[in-house]
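Shown below: entry.txt, with compact mmCIF, C-alpha atoms and all ligand atoms.
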```txt
# COMPACT_ATOMS: atom_id res chain seq x y z
CA MET A 1 32.73 1.45 24.17
CA PRO A 2 29.41 -0.01 25.27
CA THR A 3 28.24 -3.46 24.28
CA VAL A 4 24.98 -3.60 22.33
CA LEU A 5 22.79 -6.68 21.99
CA LEU A 6 21.25 -7.07 18.52
CA THR A 7 18.28 -9.41 18.28
CA GLY A 8 17.39 -10.82 14.87
CA ALA A 9 21.06 -10.13 14.22
CA THR A 10 21.58 -12.20 11.08
CA GLY A 11 18.50 -10.72 9.37
CA TYR A 12 18.58 -8.19 6.55
CA ILE A 13 18.56 -4.87 8.41
CA ALA A 14 20.36 -6.09 11.54
CA SER A 15 23.33 -7.53 9.65
CA HIS A 16 23.95 -4.13 8.05
CA THR A 17 23.41 -2.38 11.37
CA TRP A 18 25.94 -4.72 12.97
CA LEU A 19 28.65 -3.36 10.63
CA ALA A 20 27.56 0.26 11.16
CA LEU A 21 27.68 -0.18 14.95
CA GLN A 22 31.15 -1.72 14.80
CA ALA A 23 32.31 1.08 12.51
CA ALA A 24 31.05 3.54 15.15
CA GLY A 25 33.06 1.72 17.84
CA PHE A 26 30.34 -0.28 19.62
CA ASP A 27 30.89 -3.89 20.66
CA VAL A 28 28.12 -6.05 19.29
CA VAL A 29 26.61 -9.32 20.50
CA GLY A 30 24.12 -10.90 18.11
CA VAL A 31 21.28 -13.31 18.79
CA ASP A 32 19.07 -15.01 16.22
CA ASP A 33 17.20 -18.30 15.85
CA PHE A 34 17.73 -18.42 12.05
CA SER A 35 13.96 -18.66 11.52
CA ASN A 36 14.37 -16.24 8.59
CA SER A 37 18.11 -15.94 8.02
CA SER A 38 21.23 -17.95 7.32
CA PRO A 39 24.31 -18.68 9.48
CA VAL A 40 26.38 -17.80 6.39
CA VAL A 41 25.73 -14.15 7.34
CA LEU A 42 28.13 -14.64 10.27
CA GLU A 43 30.94 -15.72 7.93
CA ARG A 44 30.34 -12.67 5.75
CA LEU A 45 30.33 -10.34 8.77
CA ALA A 46 33.62 -11.86 9.93
CA GLU A 47 35.09 -11.27 6.48
CA LEU A 48 33.86 -7.66 6.31
CA SER A 49 34.76 -6.63 9.84
CA GLY A 50 37.96 -8.64 10.23
CA ARG A 51 36.82 -10.11 13.54
CA ALA A 52 34.84 -13.12 14.68
CA PRO A 53 31.26 -12.06 15.49
CA GLN A 54 30.07 -12.65 19.04
CA PHE A 55 26.88 -14.58 18.45
CA GLU A 56 24.41 -16.79 20.33
CA ARG A 57 21.75 -18.88 18.66
CA ALA A 58 18.50 -18.52 20.62
CA SER A 59 14.90 -17.42 20.30
CA VAL A 60 14.02 -14.11 21.91
CA CYS A 61 10.91 -15.86 23.20
CA ASN A 62 13.11 -18.12 25.35
CA ALA A 63 13.36 -16.03 28.53
CA ALA A 64 15.95 -18.29 30.20
CA ALA A 65 18.22 -18.23 27.15
CA ILE A 66 17.98 -14.42 26.86
CA SER A 67 18.68 -13.97 30.55
CA GLY A 68 21.78 -16.16 30.18
CA ILE A 69 22.98 -13.97 27.30
CA PHE A 70 22.58 -10.85 29.47
CA ALA A 71 24.53 -12.51 32.28
CA ARG A 72 27.38 -13.57 29.98
CA HIS A 73 27.74 -10.45 27.79
CA ARG A 74 26.42 -7.62 30.00
CA PRO A 75 25.07 -5.43 27.16
CA GLN A 76 24.22 -1.81 28.03
CA ALA A 77 21.62 -1.45 25.29
CA VAL A 78 19.43 -3.58 23.02
CA VAL A 79 18.46 -3.06 19.38
CA HIS A 80 15.48 -5.33 18.87
CA PHE A 81 15.00 -6.45 15.26
CA ALA A 82 13.78 -10.02 15.86
CA ALA A 83 10.26 -10.40 14.50
CA PHE A 84 8.22 -11.97 11.75
CA LYS A 85 7.48 -9.42 9.04
CA ALA A 86 5.27 -10.81 6.26
CA VAL A 87 1.97 -8.90 6.22
CA GLY A 88 0.05 -11.58 4.28
CA GLU A 89 1.29 -14.38 6.52
CA SER A 90 0.30 -12.36 9.58
CA VAL A 91 -3.30 -12.35 8.36
CA GLU A 92 -3.22 -16.14 8.01
CA ARG A 93 -1.27 -16.90 11.21
CA PRO A 94 -2.04 -14.06 13.65
CA LEU A 95 -1.16 -16.03 16.77
CA ALA A 96 2.33 -16.80 15.47
CA TYR A 97 2.84 -13.07 14.91
CA TYR A 98 1.53 -11.97 18.30
CA ALA A 99 3.51 -14.72 20.06
CA ASN A 100 6.80 -13.94 18.30
CA ASN A 101 6.62 -10.18 17.87
CA VAL A 102 4.87 -9.22 21.10
CA GLY A 103 5.96 -12.22 23.20
CA GLY A 104 9.59 -11.81 22.08
CA LEU A 105 9.58 -8.09 22.88
CA VAL A 106 8.15 -8.69 26.35
CA ALA A 107 10.66 -11.48 27.08
CA VAL A 108 13.59 -9.25 26.05
CA CYS A 109 12.28 -6.34 28.16
CA GLU A 110 11.88 -8.64 31.17
CA ALA A 111 15.49 -9.78 30.84
CA MET A 112 16.59 -6.15 30.51
CA GLN A 113 14.69 -5.17 33.64
CA ALA A 114 16.18 -8.09 35.58
CA HIS A 115 19.69 -7.03 34.52
CA GLY A 116 19.19 -3.26 34.99
CA VAL A 117 19.37 -2.33 31.30
CA GLY A 118 16.95 0.36 30.07
CA ARG A 119 18.19 1.51 26.64
CA PHE A 120 16.10 -0.05 23.90
CA VAL A 121 15.84 0.63 20.16
CA PHE A 122 12.76 -0.87 18.53
CA SER A 123 12.25 -1.75 14.84
CA SER A 124 8.88 -0.18 14.23
CA SER A 125 7.41 0.50 10.82
CA ALA A 126 5.60 3.05 8.69
CA THR A 127 2.84 0.44 8.59
CA VAL A 128 1.65 1.88 11.94
CA TYR A 129 0.25 4.84 9.96
CA GLY A 130 -2.28 2.55 8.24
CA GLN A 131 -3.93 4.54 5.45
CA PRO A 132 -2.15 7.93 5.70
CA GLU A 133 -4.40 10.96 5.36
CA THR A 134 -1.74 13.57 4.58
CA LEU A 135 1.73 13.51 3.01
CA PRO A 136 4.49 13.68 4.00
CA ILE A 137 3.79 11.61 7.11
CA ARG A 138 4.82 13.14 10.42
CA GLU A 139 5.21 11.20 13.65
CA ASP A 140 2.10 12.84 15.11
CA ALA A 141 -0.10 11.51 12.27
CA PRO A 142 -2.91 9.19 13.36
CA VAL A 143 -1.88 5.55 13.76
CA GLY A 144 -3.89 2.39 13.19
CA ALA A 145 -3.14 -1.14 12.15
CA THR A 146 -4.62 -2.63 9.00
CA ASN A 147 -3.26 -6.16 9.61
CA PRO A 148 -1.88 -8.29 12.51
CA TYR A 149 1.75 -7.50 11.64
CA GLY A 150 1.04 -3.77 11.94
CA ALA A 151 -0.84 -4.42 15.17
CA THR A 152 2.23 -6.12 16.68
CA LYS A 153 4.30 -3.00 15.92
CA LEU A 154 1.70 -0.69 17.49
CA ILE A 155 1.50 -2.92 20.56
CA GLY A 156 5.30 -2.97 20.75
CA GLU A 157 5.40 0.84 20.75
CA GLY A 158 2.70 0.83 23.44
CA VAL A 159 4.64 -1.58 25.66
CA LEU A 160 7.67 0.71 25.49
CA ARG A 161 5.62 3.84 26.18
CA ASP A 162 4.08 2.20 29.25
CA LEU A 163 7.47 1.01 30.50
CA GLY A 164 8.80 4.57 30.22
CA ARG A 165 5.82 5.88 32.19
CA ALA A 166 6.31 3.27 34.89
CA ASP A 167 10.06 3.78 35.28
CA PRO A 168 12.13 6.67 33.87
CA ALA A 169 15.17 4.36 33.72
CA TRP A 170 13.69 3.12 30.44
CA GLN A 171 15.07 5.15 27.50
CA THR A 172 13.47 3.88 24.35
CA ALA A 173 13.64 4.75 20.65
CA CYS A 174 10.87 3.66 18.29
CA LEU A 175 12.20 3.86 14.73
CA ARG A 176 9.48 3.80 12.09
CA TYR A 177 11.20 2.50 8.99
CA PHE A 178 9.85 3.29 5.55
CA ASN A 179 10.98 0.87 2.78
CA PRO A 180 14.49 -0.47 3.32
CA VAL A 181 16.26 -1.57 0.12
CA GLY A 182 19.77 -2.02 -1.25
CA ALA A 183 22.71 -3.78 0.28
CA HIS A 184 26.15 -3.19 1.79
CA GLU A 185 28.39 -1.65 -0.85
CA SER A 186 30.71 -4.68 -0.73
CA GLY A 187 27.94 -6.83 -2.22
CA ARG A 188 28.71 -9.50 0.43
CA ILE A 189 25.58 -9.07 2.54
CA GLY A 190 22.09 -8.16 1.40
CA GLU A 191 18.43 -9.11 1.46
CA ASP A 192 17.76 -12.82 0.90
CA PRO A 193 14.01 -13.42 1.01
CA ARG A 194 12.80 -17.00 1.27
CA GLY A 195 10.41 -18.01 -1.50
CA VAL A 196 8.71 -15.36 -3.61
CA PRO A 197 9.81 -11.87 -2.47
CA ASN A 198 7.05 -9.81 -0.85
CA ASN A 199 8.80 -6.52 -1.54
CA LEU A 200 9.38 -4.69 -4.81
CA MET A 201 13.15 -4.31 -5.06
CA PRO A 202 14.15 -7.93 -4.30
CA TYR A 203 11.58 -9.01 -6.87
CA VAL A 204 12.97 -6.59 -9.46
CA ALA A 205 16.48 -7.84 -8.63
CA GLN A 206 15.45 -11.44 -9.24
CA VAL A 207 13.88 -10.50 -12.59
CA ALA A 208 17.04 -8.61 -13.62
CA VAL A 209 19.26 -11.58 -12.73
CA GLY A 210 16.99 -13.97 -14.67
CA ARG A 211 15.61 -15.88 -11.68
CA ARG A 212 12.02 -14.71 -12.41
CA GLU A 213 10.39 -13.89 -15.70
CA ALA A 214 8.57 -10.61 -15.11
CA LEU A 215 7.50 -8.21 -12.39
CA THR A 216 3.80 -7.83 -11.63
CA VAL A 217 2.85 -4.18 -11.12
CA TYR A 218 -0.27 -4.03 -8.97
CA GLY A 219 -2.25 -1.08 -10.29
CA ASN A 220 -1.31 1.64 -12.79
CA ASP A 221 -4.40 3.77 -12.18
CA TYR A 222 -3.47 5.38 -8.87
CA PRO A 223 -3.60 9.18 -8.63
CA THR A 224 0.22 9.39 -8.93
CA PRO A 225 2.33 10.87 -11.78
CA ASP A 226 2.65 7.56 -13.67
CA GLY A 227 -0.29 5.74 -12.06
CA THR A 228 1.81 3.27 -10.04
CA GLY A 229 2.22 3.25 -6.26
CA VAL A 230 4.74 5.65 -4.72
CA ARG A 231 6.88 4.73 -1.70
CA ASP A 232 9.76 6.15 0.31
CA TYR A 233 12.70 3.77 -0.31
CA ILE A 234 15.64 4.08 2.05
CA HIS A 235 19.09 2.55 1.57
CA VAL A 236 19.68 -0.09 4.22
CA MET A 237 23.06 1.45 5.15
CA ASP A 238 21.37 4.82 5.76
CA LEU A 239 18.89 2.96 7.94
CA ALA A 240 21.75 1.21 9.74
CA GLU A 241 23.39 4.57 10.43
CA GLY A 242 20.06 5.82 11.76
CA HIS A 243 20.30 3.13 14.45
CA VAL A 244 23.79 4.31 15.39
CA ALA A 245 22.44 7.87 15.73
CA ALA A 246 19.49 6.65 17.83
CA LEU A 247 21.76 4.69 20.16
CA ARG A 248 24.05 7.67 20.60
CA ALA A 249 21.03 9.76 21.59
CA LEU A 250 20.04 7.14 24.18
CA PHE A 251 23.57 7.05 25.58
CA ASP A 252 23.45 10.87 25.79
CA ALA A 253 20.34 10.40 27.98
CA GLN A 254 18.18 12.51 25.71
CA GLY A 255 15.03 10.63 26.76
CA SER A 256 12.66 8.41 24.80
CA PHE A 257 11.57 9.26 21.28
CA THR A 258 9.75 8.03 18.16
CA VAL A 259 11.05 9.03 14.73
CA ASN A 260 10.51 8.19 11.07
CA LEU A 261 13.51 6.82 9.21
CA GLY A 262 12.88 7.61 5.55
CA THR A 263 14.31 9.90 2.89
CA GLY A 264 11.29 12.17 2.45
CA GLN A 265 11.31 11.39 -1.27
CA GLY A 266 8.76 9.13 -2.99
CA TYR A 267 9.45 6.97 -6.05
CA SER A 268 6.93 5.05 -8.13
CA VAL A 269 7.17 1.38 -9.09
CA LEU A 270 8.12 2.43 -12.62
CA ASP A 271 10.80 4.83 -11.29
CA VAL A 272 12.34 1.85 -9.47
CA VAL A 273 12.12 -0.36 -12.56
CA ALA A 274 13.84 2.30 -14.70
CA ALA A 275 16.57 2.94 -12.10
CA TYR A 276 17.19 -0.80 -11.76
CA GLU A 277 17.51 -1.22 -15.52
CA ARG A 278 20.07 1.62 -15.54
CA ALA A 279 22.04 0.14 -12.63
CA SER A 280 22.05 -3.44 -13.94
CA GLY A 281 22.06 -2.94 -17.68
CA GLN A 282 19.40 -5.66 -17.74
CA PRO A 283 15.79 -5.37 -18.92
CA VAL A 284 13.10 -5.66 -16.22
CA PRO A 285 9.93 -6.75 -18.03
CA TYR A 286 6.66 -6.20 -16.17
CA VAL A 287 2.97 -6.94 -16.48
CA VAL A 288 0.22 -4.77 -14.99
CA ALA A 289 -2.36 -6.41 -12.72
CA PRO A 290 -5.27 -4.92 -10.74
CA ARG A 291 -4.61 -3.03 -7.51
CA ARG A 292 -4.14 -5.15 -4.37
CA ALA A 293 -6.59 -4.68 -1.52
CA GLY A 294 -5.11 -2.56 1.25
CA ASP A 295 -2.36 -0.89 -0.81
CA VAL A 296 -2.16 2.89 -0.56
CA ALA A 297 -1.45 5.12 -3.58
CA ALA A 298 1.47 6.97 -2.03
CA CYS A 299 3.41 7.05 1.20
CA TRP A 300 6.50 8.98 2.16
CA ALA A 301 8.04 10.28 5.34
CA ASP A 302 8.65 13.66 6.81
CA PRO A 303 12.19 12.92 8.04
CA ALA A 304 12.63 16.27 9.84
CA ALA A 305 12.28 14.91 13.38
CA ALA A 306 15.17 12.45 12.94
CA ALA A 307 17.30 15.21 11.44
CA GLN A 308 16.56 17.56 14.32
CA ARG A 309 16.74 15.06 17.15
CA LEU A 310 19.48 12.73 15.93
CA GLY A 311 21.37 14.83 13.39
CA TRP A 312 20.70 12.00 10.94
CA ARG A 313 19.61 12.24 7.33
CA ALA A 314 19.58 9.63 4.58
CA GLN A 315 22.52 10.21 2.23
CA ARG A 316 22.09 7.65 -0.55
CA GLY A 317 19.75 8.08 -3.53
CA LEU A 318 17.75 5.65 -5.66
CA ASP A 319 20.64 4.99 -8.07
CA ALA A 320 22.92 3.89 -5.20
CA MET A 321 20.12 1.73 -3.77
CA CYS A 322 19.76 -0.07 -7.12
CA ALA A 323 23.51 -0.32 -7.82
CA ASP A 324 24.19 -1.85 -4.39
CA SER A 325 21.22 -4.19 -4.63
CA TRP A 326 22.46 -5.33 -8.05
CA ARG A 327 26.03 -5.92 -6.83
CA TRP A 328 24.65 -8.19 -4.09
CA GLN A 329 22.18 -9.92 -6.43
CA GLN A 330 24.75 -10.53 -9.17
CA GLY A 331 27.38 -11.86 -6.79
CA ASN A 332 24.84 -14.02 -4.93
CA PRO A 333 22.14 -14.99 -7.45
CA GLN A 334 20.76 -17.61 -5.03
CA GLY A 335 21.26 -15.40 -1.94
CA TYR A 336 23.19 -17.05 0.89
CA GLY A 337 21.95 -20.44 -0.31
CA ALA A 338 24.99 -21.08 -2.44
CA GLY A 339 27.20 -20.23 0.53
N1 LIG B 401 12.24 -4.97 5.81
C1 LIG B 401 11.25 -4.10 5.95
O1 LIG B 401 10.64 -3.69 4.97
C2 LIG B 401 10.86 -3.59 7.32
C3 LIG B 401 10.10 -2.41 7.40
C4 LIG B 401 9.72 -1.94 8.66
C5 LIG B 401 10.10 -2.63 9.81
N2 LIG B 401 10.82 -3.78 9.70
C6 LIG B 401 11.19 -4.50 10.92
O2 LIG B 401 12.60 -4.54 11.03
C7 LIG B 401 12.99 -5.75 11.68
C8 LIG B 401 14.01 -6.47 10.82
O3 LIG B 401 13.44 -6.70 9.54
P1 LIG B 401 14.25 -7.42 8.37
O4 LIG B 401 13.69 -6.90 7.11
O5 LIG B 401 15.70 -7.34 8.60
O6 LIG B 401 13.70 -8.90 8.55
P2 LIG B 401 14.49 -10.29 8.62
O7 LIG B 401 13.46 -11.37 8.62
O8 LIG B 401 15.55 -10.33 7.58
O9 LIG B 401 15.19 -10.22 10.05
C9 LIG B 401 14.55 -10.62 11.24
C10 LIG B 401 15.47 -11.59 11.93
O10 LIG B 401 14.87 -11.97 13.17
C11 LIG B 401 15.04 -13.36 13.34
N3 LIG B 401 14.00 -13.80 14.25
C12 LIG B 401 12.66 -13.84 14.06
N4 LIG B 401 12.05 -14.30 15.17
C13 LIG B 401 13.03 -14.55 16.07
C14 LIG B 401 13.04 -15.04 17.42
N5 LIG B 401 11.93 -15.40 18.04
N6 LIG B 401 14.23 -15.14 18.04
C15 LIG B 401 15.39 -14.82 17.43
N7 LIG B 401 15.45 -14.35 16.18
C16 LIG B 401 14.27 -14.23 15.51
C17 LIG B 401 14.98 -13.97 11.95
O11 LIG B 401 15.65 -15.22 11.86
C18 LIG B 401 15.70 -12.89 11.12
O12 LIG B 401 17.09 -13.14 11.06
C19 LIG B 401 11.71 -6.53 11.93
O13 LIG B 401 11.30 -6.27 13.25
C20 LIG B 401 10.75 -5.94 10.94
O14 LIG B 401 9.41 -6.08 11.38
C21 LIG B 401 11.22 -4.26 8.48
```
Could you rewrite the structure in this file as structure tokens?
Amino acid sequence: MPTVLLTGATGYIASHTWLALQAAGFDVVGVDDFSNSSPVVLERLAELSGRAPQFERASVCNAAAISGIFARHRPQAVVHFAAFKAVGESVERPLAYYANNVGGLVAVCEAMQAHGVGRFVFSSSATVYGQPETLPIREDAPVGATNPYGATKLIGEGVLRDLGRADPAWQTACLRYFNPVGAHESGRIGEDPRGVPNNLMPYVAQVAVGRREALTVYGNDYPTPDGTGVRDYIHVMDLAEGHVAALRALFDAQGSFTVNLGTGQGYSVLDVVAAYERASGQPVPYVVAPRRAGDVAACWADPAAAAQRLGWRAQRGLDAMCADSWRWQQGNPQGYGAG
């Protein structure tokens, strides 16, 4: 089976994708600089897969290091997760985001070109849709960035489009993720945000486990059924399997494509709170605060293109997302920090 290089490999989504790729028979080589993840992930992956992970510590911005990894491991495809992802931080430190997210992508593509590798799967995001005008969101909806993080994803997609135009040997997949949540069903790997979580479900998890007092709900006066914001949450293992499907399509030489990876179903903040209380048996107290600037009322995917093109559909519902998140949170109340 082909060898696949995963960048950002010890991060949240990549670590789950690593297991899904191995389960599908791919050989995986991981690279990460641990700027937002822990080496403990590698021990957990070894435990779950029963084999020592092939891993190199390096920054994707280090062209010489990445070229060396290509020479040593000879991957036939790349799944590029490595990036900074905090929207608020990207507004404060735009250069760091452009340098890491765009610079890293370009450095990886240069190494690929030098080593004759053209299959590339890119972690894009629903954030490229900016303020969506119609729901559900299809891939041909207008795009536009509302912050530097989103801009780096749009530029990344543009780099890949231009590469494909310049040389048909490039076969690229842009996967626009909606809101990844949950954890591997073993509870041994999961999302371990540093500091205060930016996303809803890790915050809810930390309230349920007693690490934080209460959730802040930003806005309960949106034009949604219960007034709180509605999003398309997708189980991280469904997302991981979406990457397997995308890689298979690239190995079948189906050409380049851009698809949403979401469930097509929206849930409100209060739906998530109620589901988490059911899954954990713990109360999740919350306080309501004013809306945050830039938040949209509702956002969910039309997942039809991924179903048609890749034969992939999300399988796991909100209850499984919460139950798996809780298993991880309960078994690892301090994340990977406690080892
Ligand atoms: N989590 C989400 O909600 C979400 C949504 C849409 C898209 N994405 C994208 O998916 C990808 C993975 O996200 P995640 O949630 O797993 O984030 P994450 O922070 O857990 O994973 C990213 C990994 O990349 C590593 N990394 C960062 N810069 C690096 C560099 N220069 N060299 C090597 N490694 C580097 C980090 O150490 C981390 O392990 C990112 O590209 C992100 O933008 C995430």
Neighbours of point (1.5, -0.1, 16.7) within 9 Å, using only C-alpha atoms, written as a PyMOL selection string
chain A and resi 124-125+127-129+143-145+149-158
Quick one: of A:Ala275, A:Val230, A:Cys61, A:Val4, who's nearest to ligand LIG 401 (chain B), counting only C-alpha atoms and all ligand atoms?
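Result for the nearest residue to ligand LIG 401 (chain B): A:Cys61.
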Within-7 Å residues of ligand LIG 401 (chain B), basis all atoms listed in the file, as a VMD selection string
chain A and resid 7 to 14 31 to 37 58 to 61 81 to 85 100 104 123 to 126 176 to 180 191
Would you compute the distance between CA of Leu45 (chain A) and CA of Ala240 (chain A)? Give it in Å to one decimal.
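We find that CA of Leu45 (chain A) and CA of Ala240 (chain A) lie 14.4 Å from each other.
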Please report the interatomic distance between CA of Ala20 (chain A) and CA of Gln329 (chain A) in Å with one decimal.
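Interatomic distance, CA of Ala20 (chain A) to CA of Gln329 (chain A): 21.0 Å.
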Could you check how far CA of Gly30 (chain A) sits from CA of Phe55 (chain A), in Å to one decimal?
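Atom-to-atom, CA of Gly30 (chain A) to CA of Phe55 (chain A), that is 4.6 Å.
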Determine the nearest neighbour of Thr3 (chain A) from the options A:Val121, A:Val28, A:Ala314, A:Ala111, counting only C-alpha atoms.
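Among the listed residues, A:Val28 lies closest to Thr3 (chain A).
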Would you please work out which residue, of A:Gly88, A:Gly164, A:Pro303, A:Gly195, is nearest to Arg119 (chain A) when using all atoms listed in the file?
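Closest candidate: A:Gly164.
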Gly255 (chain A) environment, 10 Å, all atoms listed in the file, sequence neighbours closer than 2 positions dropped, as an NGL selection string
:A and (119 or 164 or 168-173 or 249-253 or 257)
Write out as a list in words each polymer residue whose atoms come within 6 Å of Pro148 (chain A), counting all atoms listed in the file; drop sequence neighbours fewer than 3 positions from it.
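Here the answer would be Ser90, Val91, Pro94 and Ala151 of chain A.
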Residue neighbourhood Arg278 (chain A), 10 Å, all atoms listed in the file, exclusion window fewer than 6 positions, as a list of chain:residue names:
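So, after excluding close chain neighbours, the residues are A:Val272, A:Asp319, A:Cys322, A:Ala323.
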Using only C-alpha atoms, find the one residue out of A:Ile189, A:Ala320, A:Leu135, A:Ala77 that sits nearest to Tyr336 (chain A).
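Among the listed residues, A:Ile189 lies closest to Tyr336 (chain A).
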Quick one: residues within 12 Å of Ala301 (chain A), all atoms listed in the file counted, chain neighbours fewer than 3 positions away excluded, as a CSV table (one decimal) with C-alpha atoms, keeping the file's coordinate frame?
```
chain,number,residue,atom,x,y,z
A,125,SER,CA,7.4,0.5,10.8
A,126,ALA,CA,5.6,3.0,8.7
A,127,THR,CA,2.8,0.4,8.6
A,129,TYR,CA,0.2,4.8,10.0
A,132,PRO,CA,-2.2,7.9,5.7
A,134,THR,CA,-1.7,13.6,4.6
A,135,LEU,CA,1.7,13.5,3.0
A,136,PRO,CA,4.5,13.7,4.0
A,137,ILE,CA,3.8,11.6,7.1
A,138,ARG,CA,4.8,13.1,10.4
A,139,GLU,CA,5.2,11.2,13.6
A,140,ASP,CA,2.1,12.8,15.1
A,141,ALA,CA,-0.1,11.5,12.3
A,176,ARG,CA,9.5,3.8,12.1
A,177,TYR,CA,11.2,2.5,9.0
A,178,PHE,CA,9.8,3.3,5.6
A,179,ASN,CA,11.0,0.9,2.8
A,230,VAL,CA,4.7,5.6,-4.7
A,231,ARG,CA,6.9,4.7,-1.7
A,232,ASP,CA,9.8,6.2,0.3
A,233,TYR,CA,12.7,3.8,-0.3
A,234,ILE,CA,15.6,4.1,2.0
A,259,VAL,CA,11.0,9.0,14.7
A,260,ASN,CA,10.5,8.2,11.1
A,261,LEU,CA,13.5,6.8,9.2
A,262,GLY,CA,12.9,7.6,5.6
A,263,THR,CA,14.3,9.9,2.9
A,264,GLY,CA,11.3,12.2,2.4
A,265,GLN,CA,11.3,11.4,-1.3
A,266,GLY,CA,8.8,9.1,-3.0
A,267,TYR,CA,9.4,7.0,-6.0
A,298,ALA,CA,1.5,7.0,-2.0
A,304,ALA,CA,12.6,16.3,9.8
A,305,ALA,CA,12.3,14.9,13.4
A,306,ALA,CA,15.2,12.4,12.9
A,313,ARG,CA,19.6,12.2,7.3
A,314,ALA,CA,19.6,9.6,4.6
```
Do a neighbour search on region 218-221 of chain A at 7 Å with only C-alpha atoms, toss out local chain neighbours closer than 4 positions, and write the hits as a short mmCIF file (atom, residue, chain, number, x, y, z; two decimals) with C-alpha atoms, keeping the file's coordinate frame.
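This is the output file around-v2.cif:
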```cif
data_model
loop_
_atom_site.label_atom_id
_atom_site.label_comp_id
_atom_site.auth_asym_id
_atom_site.auth_seq_id
_atom_site.Cartn_x
_atom_site.Cartn_y
_atom_site.Cartn_z
CA GLY A 227 -0.29 5.74 -12.06
CA THR A 228 1.81 3.27 -10.04
CA VAL A 288 0.22 -4.77 -14.99
CA ALA A 289 -2.36 -6.41 -12.72
CA PRO A 290 -5.27 -4.92 -10.74
CA ARG A 291 -4.61 -3.03 -7.51
CA ARG A 292 -4.14 -5.15 -4.37
#
```
Of the candidates A:Val78, A:Met201, A:Ala183, A:Leu160, which one gets nearest to His235 (chain A) if we count only C-alpha atoms?
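Of A:Val78, A:Met201, A:Ala183, A:Leu160, the one nearest His235 (chain A) is A:Ala183, counting only C-alpha atoms.
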Ranking A:Ser280, A:Thr216, A:Ser325, A:Ser67 by minimum distance to Ala107 (chain A) and counting all atoms listed in the file, which one comes first?
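So, comparing all the options, the nearest one is A:Ser67.
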Could you pull out every residue with an atom within 12 Å of (27.3, -0.1, 14.3), file coordinates, counting all atoms listed in the file, and send them as a PyMOL selection string?
chain A and resi 1-6+9+13-30+49+79+237-248
Write a file of the selected residues as a PDB file, in the frame of the given file, keeping C-alpha atoms.
```pdb
ATOM      1  CA  MET A   1      32.730   1.450  24.170  1.00  0.00           C
ATOM      2  CA  PRO A   2      29.410  -0.010  25.270  1.00  0.00           C
ATOM      3  CA  THR A   3      28.240  -3.460  24.280  1.00  0.00           C
ATOM      4  CA  VAL A   4      24.980  -3.600  22.330  1.00  0.00           C
ATOM      5  CA  LEU A   5      22.790  -6.680  21.990  1.00  0.00           C
ATOM      6  CA  LEU A   6      21.250  -7.070  18.520  1.00  0.00           C
ATOM      7  CA  ALA A   9      21.060 -10.130  14.220  1.00  0.00           C
ATOM      8  CA  ILE A  13      18.560  -4.870   8.410  1.00  0.00           C
ATOM      9  CA  ALA A  14      20.360  -6.090  11.540  1.00  0.00           C
ATOM     10  CA  SER A  15      23.330  -7.530   9.650  1.00  0.00           C
ATOM     11  CA  HIS A  16      23.950  -4.130   8.050  1.00  0.00           C
ATOM     12  CA  THR A  17      23.410  -2.380  11.370  1.00  0.00           C
ATOM     13  CA  TRP A  18      25.940  -4.720  12.970  1.00  0.00           C
ATOM     14  CA  LEU A  19      28.650  -3.360  10.630  1.00  0.00           C
ATOM     15  CA  ALA A  20      27.560   0.260  11.160  1.00  0.00           C
ATOM     16  CA  LEU A  21      27.680  -0.180  14.950  1.00  0.00           C
ATOM     17  CA  GLN A  22      31.150  -1.720  14.800  1.00  0.00           C
ATOM     18  CA  ALA A  23      32.310   1.080  12.510  1.00  0.00           C
ATOM     19  CA  ALA A  24      31.050   3.540  15.150  1.00  0.00           C
ATOM     20  CA  GLY A  25      33.060   1.720  17.840  1.00  0.00           C
ATOM     21  CA  PHE A  26      30.340  -0.280  19.620  1.00  0.00           C
ATOM     22  CA  ASP A  27      30.890  -3.890  20.660  1.00  0.00           C
ATOM     23  CA  VAL A  28      28.120  -6.050  19.290  1.00  0.00           C
ATOM     24  CA  VAL A  29      26.610  -9.320  20.500  1.00  0.00           C
ATOM     25  CA  GLY A  30      24.120 -10.900  18.110  1.00  0.00           C
ATOM     26  CA  SER A  49      34.760  -6.630   9.840  1.00  0.00           C
ATOM     27  CA  VAL A  79      18.460  -3.060  19.380  1.00  0.00           C
ATOM     28  CA  MET A 237      23.060   1.450   5.150  1.00  0.00           C
ATOM     29  CA  ASP A 238      21.370   4.820   5.760  1.00  0.00           C
ATOM     30  CA  LEU A 239      18.890   2.960   7.940  1.00  0.00           C
ATOM     31  CA  ALA A 240      21.750   1.210   9.740  1.00  0.00           C
ATOM     32  CA  GLU A 241      23.390   4.570  10.430  1.00  0.00           C
ATOM     33  CA  GLY A 242      20.060   5.820  11.760  1.00  0.00           C
ATOM     34  CA  HIS A 243      20.300   3.130  14.450  1.00  0.00           C
ATOM     35  CA  VAL A 244      23.790   4.310  15.390  1.00  0.00           C
ATOM     36  CA  ALA A 245      22.440   7.870  15.730  1.00  0.00           C
ATOM     37  CA  ALA A 246      19.490   6.650  17.830  1.00  0.00           C
ATOM     38  CA  LEU A 247      21.760   4.690  20.160  1.00  0.00           C
ATOM     39  CA  ARG A 248      24.050   7.670  20.600  1.00  0.00           C
TER      40      ARG A 248
END
```
